[in-house]
Amino acid sequence: MSINKNKARHSLLEHTSQQFYDLIVIGGGVTGAGIALDASHNGLKTLLLEKADFASGTSSKSTKLIHGGLRYLKQLEISLVKESGLERAVVHKLAPHLVHPEKMLLPIVRKGSFGKLAASVAISIYDFLARVKSKDRKESLSKEETEILEPLLNDKIVKGGVRYSEYRTDDARLTISLIKRAVDLGCDAINYAEVKEFGYSEKGLMDSVEIKDHSTNQSYTVRSQCIVSAAGSWVDGVREKDDSLSDKHLFLSKGSHIVVPHPRLPLKQAVYFDDFKGRMIFAIPRQGITYIGTTDLAYDQSLNDVYCTQEEANYLLDATNYLFPKVNLSLDDIESSWSGLRPLIHQKGKKPTELSRKDEIFESPSGLISIAGGKLTGYRKMAERVVIKVLEKHFPKNNHHTTEGLFLNKDPFKSYDEVLSFIEQLESNLFHELEGKKIGEYLVFNYGRSAMDVVDLMREQSGTLTAEQLLIKSELTYTIEHEFVMTALDFFARRTARLYFNLSEVKEHLELVLKLMQEILEWDELTVEENRKSVEHAISRCLSCKTRIS
Ligand code: FAD
């Protein structure tokens with residue numbers, strides 16, 4: 001099979017340089033993707049540009065929760081908690097296969113950050129602000145009930161617990177879904193296309209961008225009425241290109257997660273717990289592993305090479321061993337890790353943990369609109385605020401139409417029950433070699449109803465591949481065709497999260513993926529080698545916290 005994706009990409013880039021867009025969005029993380037979708041839904045001719053892969057910034061490195069942020073209640077960020085709390089249910093409704101209900105256990109421990117009464121009151125407020133349905137509201141638990149729910153807890157310090165409702169997602173998959181939906185509605189979206197410079201009208205207003213296509217090194221100039229930067233941690237760098245970096249600037253805080261096999265930390269559900277100093281950490285079981293995070297440290301190193309240090313890994317291990325002493329985790333147990341940067345708004349004299357997680361919009365004299373801060377959970381409301389501003393400034397006759405009822409898939413699930421029965425149906429279509437591995441759940445959570453297309457692709461293949469190899473081949477074919485996959489790392493990190501949740505499969509299938517991509521994308525040997533090196537580098541970064549003091 002040979003589909004010449006390169007030609008299609010080249011003509012898309014040529015096409016963009018002949019257009020006059022209403023809006024160009026810089027940055028294909030969840031914020032930019034949300035803006036592109038809202039703008040396209042509102043009829044704006046939109047171009048989304050991403051310098052590397054979509055979601056390769058912070059939007060594949062989060063804790064992967066759609067949550068209100070219980071911790072922010074303590075900082076009295078009531079409006080933030082309320083908005084994110086309410087958004088949880090909205091985003092769940094728009095994509096129930098991607099955003100699933102998850103019960104969270106908060107153990108109350110001696111010298112912890114929450115006492116029994118404080119936790120109960122705080123979570124009641126949390127539920128109230130988010131208008132959580134009565135059947136899903138928090139349950140207060142005795143010490144015995146808490147220990148039955150989670151027998152691994154340290155019985156010497158646990159005094160009780162509270163169980164409450166949150167949602168879990170895959171951040172990169174959410175971002176890709178938003179972009180696919182925006183493209184359905186007419187948006188042009190290009191990854192590996194970096195905005196290098198801006199162009200201005202005679203009046204000094206920004207009216208074009210110069211982009212570099214990283215696959216060919218060719219440059220293109222694209223014109224637009226309005227330009228928005230949703231460049232996350234790179235927002236200040238983009239404002240520098242416009243000479244508009246002011247006193248208000250970013251403060252970057254790094255957060256790392258480590259991954260251990262689920263049998264080594266066999267939690268029955270997600271737990272939100274105190275370290276020995278009362279800082280809160282998540283431990284979340286998922287797909288045969290448990291991940292633990294996060295740290296919160298001021299960061300001033302490379303934005304493009306962020307990884308978990310041994311010091312951070314030791315801190316997360318020590319905190320986990322303190323609450324779950326029977327498991328006695330060590331660096332040897334770590335199977336993978338990831339780190340991301342929080343682009344927070346600088347506030348003089350405050351520590352990273354104290355800085356607000358609220359988003360903020362900056363407008364420069366040239367008309368560039370930048371948005372930074374915020375959370376994955378609030379992407380839709382952030383996008384709405386930006387698009388309303390764009391409409392007010394440039395298209396004052398247009399009313400804004402909300403995306404509150406806009407499903408993230410063309411053929412959506414209408415409820416979580418529908419998702420569960422689709423998983424059952426899919427499981428019965430799978431090769432028996434894959435039974436018992438929760439592959440149906442994995443495929444539906446990743447691809448929604450298109451999971452059936454992946455299974456159909458498996459059935460169409462002939463040859464000597466094993467069932468697991470067929471699965472990889474079908475996912476790869478599907479994601480190259482429908483999800484902008486350009487490199488082997490796009491596939492392993494952002495489309496399938498194997499780099500974080502199943503690193504051994506990345507090692508096992510790397511050569512197969514390189515061979516298939518060479519065939520499908522007509523790569524030369526140099527491109528194959530570059531891809532091999534970049535996946536190997538990513539693997540070493542996931543493991544570097546184990547092997548050296550960084
Ligand atoms: P990014 O995802 O970083 O996207 C910005 C993009 O802009 C990048 O892909 C970059 O390559 C691109 N770009 C930069 N410059 C250019 C250019 N010149 N041209 C083209 N493209 C460019 N939020 C939650 O709601 N729930 C959580 O559980 C959660 N956990 C978190 C845990 C950690 C450790 C961290 C760090 C954050 C967490 N967050 C969470 C916050 C959330 O992840 C971020 O708010 C969100 O992902 C930021 O998305 P973004 O699109 O603004 O930035």
# chains A, B, ... in the order shown; residues from 1 in each chain; ligands from 1
>>> residues_near_ligand(ligand="ligand 1", cutoff="6 Å", atoms="only C-alpha atoms and all ligand atoms", output="JSON, numbers by chain")
{"A": [26, 27, 28, 29, 30, 31, 32, 49, 50, 51, 52, 54, 55, 56, 57, 58, 59, 62, 63, 64, 65, 66, 67, 194, 195, 196, 230, 231, 232, 233, 234, 238, 254, 255, 256, 294, 340, 341, 342, 372, 374, 375, 376, 377]}
>>> write_last_selection(atoms="N, CA and C atoms", output="short mmCIF file (atom, residue, chain, number, x, y, z; two decimals), in the first residue's frame")
data_model
loop_
_atom_site.label_atom_id
_atom_site.label_comp_id
_atom_site.auth_asym_id
_atom_site.auth_seq_id
_atom_site.Cartn_x
_atom_site.Cartn_y
_atom_site.Cartn_z
N ILE A 26 -1.93 29.67 16.70
CA ILE A 26 -0.57 29.12 16.87
C ILE A 26 -0.58 28.19 18.07
N GLY A 27 -0.25 26.91 17.87
CA GLY A 27 -0.16 25.97 19.00
C GLY A 27 -1.26 24.93 18.95
N GLY A 28 -0.84 23.68 18.71
CA GLY A 28 -1.81 22.57 18.62
C GLY A 28 -1.85 21.74 19.88
N GLY A 29 -1.87 22.41 21.06
CA GLY A 29 -2.19 21.72 22.31
C GLY A 29 -3.69 21.80 22.51
N VAL A 30 -4.15 21.44 23.71
CA VAL A 30 -5.59 21.40 23.92
C VAL A 30 -6.21 22.80 23.80
N THR A 31 -5.46 23.84 24.21
CA THR A 31 -6.02 25.19 24.15
C THR A 31 -6.22 25.63 22.70
N GLY A 32 -5.15 25.47 21.89
CA GLY A 32 -5.27 25.86 20.48
C GLY A 32 -6.32 25.02 19.76
N LEU A 49 -1.83 25.91 13.48
CA LEU A 49 -0.43 25.57 13.18
C LEU A 49 0.27 25.05 14.42
N GLU A 50 1.00 23.96 14.26
CA GLU A 50 1.72 23.36 15.39
C GLU A 50 3.15 23.10 14.96
N LYS A 51 4.11 23.52 15.79
CA LYS A 51 5.52 23.41 15.38
C LYS A 51 6.05 21.97 15.41
N ALA A 52 5.50 21.13 16.26
CA ALA A 52 5.94 19.73 16.32
C ALA A 52 4.69 18.87 16.08
N PHE A 54 0.89 17.58 17.14
CA PHE A 54 -0.22 18.02 17.95
C PHE A 54 -0.10 17.36 19.33
N ALA A 55 -0.37 18.13 20.37
CA ALA A 55 -0.35 17.64 21.77
C ALA A 55 1.03 17.25 22.27
N SER A 56 2.09 17.64 21.55
CA SER A 56 3.43 17.23 22.01
C SER A 56 3.95 18.11 23.14
N GLY A 57 3.29 19.23 23.43
CA GLY A 57 3.68 20.06 24.57
C GLY A 57 3.07 19.51 25.85
N THR A 58 2.57 20.40 26.69
CA THR A 58 2.02 19.95 27.97
C THR A 58 0.79 19.05 27.79
N SER A 59 0.12 19.19 26.65
CA SER A 59 -1.16 18.48 26.49
C SER A 59 -1.04 16.96 26.30
N SER A 62 0.00 15.75 31.17
CA SER A 62 -0.73 16.14 32.37
C SER A 62 -1.04 14.91 33.24
N THR A 63 -1.78 15.11 34.31
CA THR A 63 -2.20 13.97 35.14
C THR A 63 -3.40 13.26 34.50
N LYS A 64 -3.91 13.82 33.43
CA LYS A 64 -4.95 13.19 32.60
C LYS A 64 -6.28 13.09 33.35
N LEU A 65 -6.54 14.13 34.17
CA LEU A 65 -7.82 14.17 34.88
C LEU A 65 -8.64 15.33 34.36
N ILE A 66 -9.94 15.12 34.25
CA ILE A 66 -10.84 16.23 34.00
C ILE A 66 -11.43 16.50 35.37
N HIS A 67 -10.88 17.49 36.05
CA HIS A 67 -11.24 17.67 37.45
C HIS A 67 -11.39 19.15 37.82
N GLU A 194 6.02 25.44 11.93
CA GLU A 194 6.33 26.38 13.02
C GLU A 194 6.17 27.83 12.56
N VAL A 195 5.54 28.62 13.40
CA VAL A 195 5.45 30.05 13.11
C VAL A 195 6.78 30.68 13.51
N LYS A 196 7.48 31.23 12.50
CA LYS A 196 8.82 31.77 12.74
C LYS A 196 8.80 33.28 12.89
N ALA A 230 -1.71 30.34 21.17
CA ALA A 230 -2.04 29.43 22.28
C ALA A 230 -0.84 28.51 22.42
N ALA A 231 0.34 29.13 22.52
CA ALA A 231 1.59 28.38 22.45
C ALA A 231 2.06 27.85 23.80
N GLY A 232 1.20 27.83 24.80
CA GLY A 232 1.52 27.22 26.10
C GLY A 232 2.80 27.82 26.68
N SER A 233 3.74 26.94 27.02
CA SER A 233 4.99 27.40 27.64
C SER A 233 5.81 28.28 26.71
N TRP A 234 5.49 28.27 25.43
CA TRP A 234 6.25 29.07 24.44
C TRP A 234 5.60 30.44 24.20
N VAL A 238 6.80 33.58 21.66
CA VAL A 238 6.02 34.07 20.51
C VAL A 238 5.80 35.57 20.67
N LYS A 254 7.41 22.71 36.65
CA LYS A 254 7.51 21.37 36.08
C LYS A 254 6.78 20.36 36.96
N GLY A 255 6.05 19.47 36.34
CA GLY A 255 5.38 18.38 37.07
C GLY A 255 5.73 17.05 36.46
N SER A 256 6.19 16.09 37.28
CA SER A 256 6.58 14.78 36.75
C SER A 256 5.70 13.67 37.30
N THR A 294 1.97 14.52 41.11
CA THR A 294 3.06 15.07 40.35
C THR A 294 3.94 15.92 41.27
N GLY A 340 5.82 17.46 32.46
CA GLY A 340 5.24 18.55 31.67
C GLY A 340 5.45 19.88 32.36
N LEU A 341 5.24 20.95 31.61
CA LEU A 341 5.41 22.29 32.16
C LEU A 341 4.07 22.99 32.28
N ARG A 342 3.83 23.57 33.46
CA ARG A 342 2.62 24.39 33.65
C ARG A 342 2.98 25.82 33.28
N ALA A 372 -2.73 32.08 28.02
CA ALA A 372 -1.85 31.16 28.75
C ALA A 372 -2.49 30.82 30.09
N GLY A 374 -4.39 28.24 32.83
CA GLY A 374 -5.57 27.39 32.67
C GLY A 374 -5.28 25.92 32.82
N LYS A 375 -6.29 25.12 32.51
CA LYS A 375 -6.21 23.67 32.70
C LYS A 375 -6.82 22.97 31.49
N LEU A 376 -6.42 21.71 31.36
CA LEU A 376 -7.03 20.85 30.34
C LEU A 376 -8.56 20.91 30.46
N THR A 377 -9.02 20.77 31.70
CA THR A 377 -10.45 20.69 31.99
C THR A 377 -11.22 21.90 31.46
#
>>> residues_around(residues="range 302-315 of chain A", least_positions_apart="4", cutoff="10 Å", atoms="only C-alpha atoms", output="ChimeraX atom specification")
/A:52,56-58,61,233-234,252,254-259,275,292-297,319-321,329-331,334,336-341,538,540-550
>>> residues_around(residues="range 390-407 of chain A", least_positions_apart="3", cutoff="7 Å", atoms="only C-alpha atoms", output="JSON, numbers by chain")
{"A": [38, 42, 90, 94, 95, 386, 387, 412]}
>>> select_by_dssp(residues="range 306-470 of chain A", states="alpha helix (DSSP H)", output="PyMOL selection string")
chain A and resi 310-323+379-394+416-427+439-447+451-460+467-470
>>> residues_around(residues="Leu489 in chain A", least_positions_apart="6", cutoff="8 Å", atoms="only C-alpha atoms", output="NGL selection string")
:A and (531 or 534-535)
>>> write_last_selection(atoms="N, CA, C and O atoms", output="JSON list (two decimals), in the first residue's frame")
[["chain", "number", "residue", "atom", "x", "y", "z"],
["A", 531, "ASN", "N", 13.92, 8.59, 12.70],
["A", 531, "ASN", "CA", 12.77, 8.18, 13.50],
["A", 531, "ASN", "C", 13.17, 7.17, 14.56],
["A", 531, "ASN", "O", 12.69, 7.22, 15.70],
["A", 534, "SER", "N", 14.87, 9.06, 17.30],
["A", 534, "SER", "CA", 14.01, 9.91, 18.14],
["A", 534, "SER", "C", 13.16, 9.05, 19.10],
["A", 534, "SER", "O", 12.94, 9.44, 20.25],
["A", 535, "VAL", "N", 12.74, 7.86, 18.66],
["A", 535, "VAL", "CA", 12.00, 6.99, 19.59],
["A", 535, "VAL", "C", 12.95, 6.48, 20.68],
["A", 535, "VAL", "O", 12.61, 6.45, 21.87]]
>>> decode(residues="range 105-141 of chain A", atoms="N, CA and C atoms", output="compact mmCIF listing (two decimals), in the first residue's frame")
# COMPACT_ATOMS: atom_id res chain seq x y z
N LEU A 105 -10.43 8.36 45.87
CA LEU A 105 -10.41 8.18 47.32
C LEU A 105 -9.42 9.16 47.94
N LEU A 106 -9.92 9.94 48.91
CA LEU A 106 -9.04 10.86 49.64
C LEU A 106 -8.90 10.30 51.06
N PRO A 107 -7.80 9.63 51.38
CA PRO A 107 -7.65 9.13 52.74
C PRO A 107 -7.35 10.30 53.69
N ILE A 108 -7.97 10.29 54.85
CA ILE A 108 -7.65 11.31 55.85
C ILE A 108 -6.56 10.72 56.74
N VAL A 109 -5.42 11.41 56.81
CA VAL A 109 -4.29 10.84 57.55
C VAL A 109 -3.85 11.79 58.66
N ARG A 110 -3.17 11.21 59.64
CA ARG A 110 -2.62 12.02 60.72
C ARG A 110 -1.66 13.07 60.15
N LYS A 111 -1.74 14.30 60.63
CA LYS A 111 -0.93 15.43 60.16
C LYS A 111 -1.09 15.70 58.66
N GLY A 112 -2.23 15.27 58.07
CA GLY A 112 -2.45 15.51 56.64
C GLY A 112 -2.99 16.90 56.39
N SER A 113 -3.19 17.23 55.09
CA SER A 113 -3.63 18.59 54.79
C SER A 113 -5.12 18.78 55.06
N PHE A 114 -5.88 17.69 55.09
CA PHE A 114 -7.30 17.80 55.41
C PHE A 114 -7.62 16.98 56.66
N GLY A 115 -8.33 17.61 57.63
CA GLY A 115 -8.90 16.84 58.73
C GLY A 115 -10.22 16.25 58.24
N LYS A 116 -10.84 15.37 59.06
CA LYS A 116 -12.08 14.70 58.63
C LYS A 116 -13.16 15.71 58.26
N LEU A 117 -13.36 16.68 59.17
CA LEU A 117 -14.44 17.65 58.96
C LEU A 117 -14.12 18.55 57.77
N ALA A 118 -12.87 19.02 57.72
CA ALA A 118 -12.48 19.94 56.64
C ALA A 118 -12.65 19.25 55.28
N ALA A 119 -12.25 17.97 55.19
CA ALA A 119 -12.38 17.24 53.91
C ALA A 119 -13.84 17.11 53.53
N SER A 120 -14.65 16.77 54.52
CA SER A 120 -16.06 16.55 54.23
C SER A 120 -16.72 17.86 53.76
N VAL A 121 -16.40 18.96 54.46
CA VAL A 121 -17.00 20.25 54.08
C VAL A 121 -16.46 20.67 52.70
N ALA A 122 -15.12 20.54 52.51
CA ALA A 122 -14.52 20.99 51.24
C ALA A 122 -15.14 20.24 50.07
N ILE A 123 -15.30 18.91 50.23
CA ILE A 123 -15.81 18.15 49.08
C ILE A 123 -17.31 18.38 48.89
N SER A 124 -18.02 18.68 49.97
CA SER A 124 -19.43 19.06 49.79
C SER A 124 -19.51 20.35 48.98
N ILE A 125 -18.64 21.31 49.29
CA ILE A 125 -18.63 22.58 48.52
C ILE A 125 -18.27 22.28 47.06
N TYR A 126 -17.28 21.41 46.90
CA TYR A 126 -16.81 21.01 45.56
C TYR A 126 -17.97 20.42 44.76
N ASP A 127 -18.70 19.50 45.38
CA ASP A 127 -19.86 18.87 44.71
C ASP A 127 -20.94 19.90 44.42
N PHE A 128 -21.15 20.81 45.39
CA PHE A 128 -22.20 21.83 45.24
C PHE A 128 -21.86 22.76 44.07
N LEU A 129 -20.59 23.24 44.04
CA LEU A 129 -20.19 24.18 42.98
C LEU A 129 -20.35 23.53 41.61
N ALA A 130 -20.05 22.24 41.53
CA ALA A 130 -20.10 21.54 40.24
C ALA A 130 -21.47 20.93 39.96
N ARG A 131 -22.43 21.20 40.82
CA ARG A 131 -23.79 20.66 40.70
C ARG A 131 -23.77 19.14 40.43
N VAL A 132 -23.00 18.43 41.21
CA VAL A 132 -22.89 16.97 41.07
C VAL A 132 -24.23 16.33 41.47
N LYS A 133 -24.70 15.37 40.64
CA LYS A 133 -25.98 14.71 40.94
C LYS A 133 -25.89 13.99 42.28
N SER A 134 -27.05 13.89 42.97
CA SER A 134 -27.00 13.37 44.34
C SER A 134 -26.41 11.96 44.40
N LYS A 135 -26.67 11.11 43.38
CA LYS A 135 -26.15 9.73 43.44
C LYS A 135 -24.62 9.71 43.34
N ASP A 136 -24.03 10.76 42.79
CA ASP A 136 -22.57 10.78 42.62
C ASP A 136 -21.85 11.60 43.67
N ARG A 137 -22.61 12.14 44.66
CA ARG A 137 -21.95 13.02 45.63
C ARG A 137 -21.02 12.25 46.57
N LYS A 138 -20.21 12.98 47.27
CA LYS A 138 -19.18 12.39 48.12
C LYS A 138 -19.76 11.48 49.22
N GLU A 139 -18.96 10.45 49.58
CA GLU A 139 -19.33 9.60 50.73
C GLU A 139 -18.23 9.75 51.76
N SER A 140 -18.60 10.03 53.00
CA SER A 140 -17.59 10.05 54.07
C SER A 140 -17.41 8.63 54.59
N LEU A 141 -16.17 8.24 54.84
CA LEU A 141 -15.89 6.84 55.20
C LEU A 141 -15.20 6.76 56.56
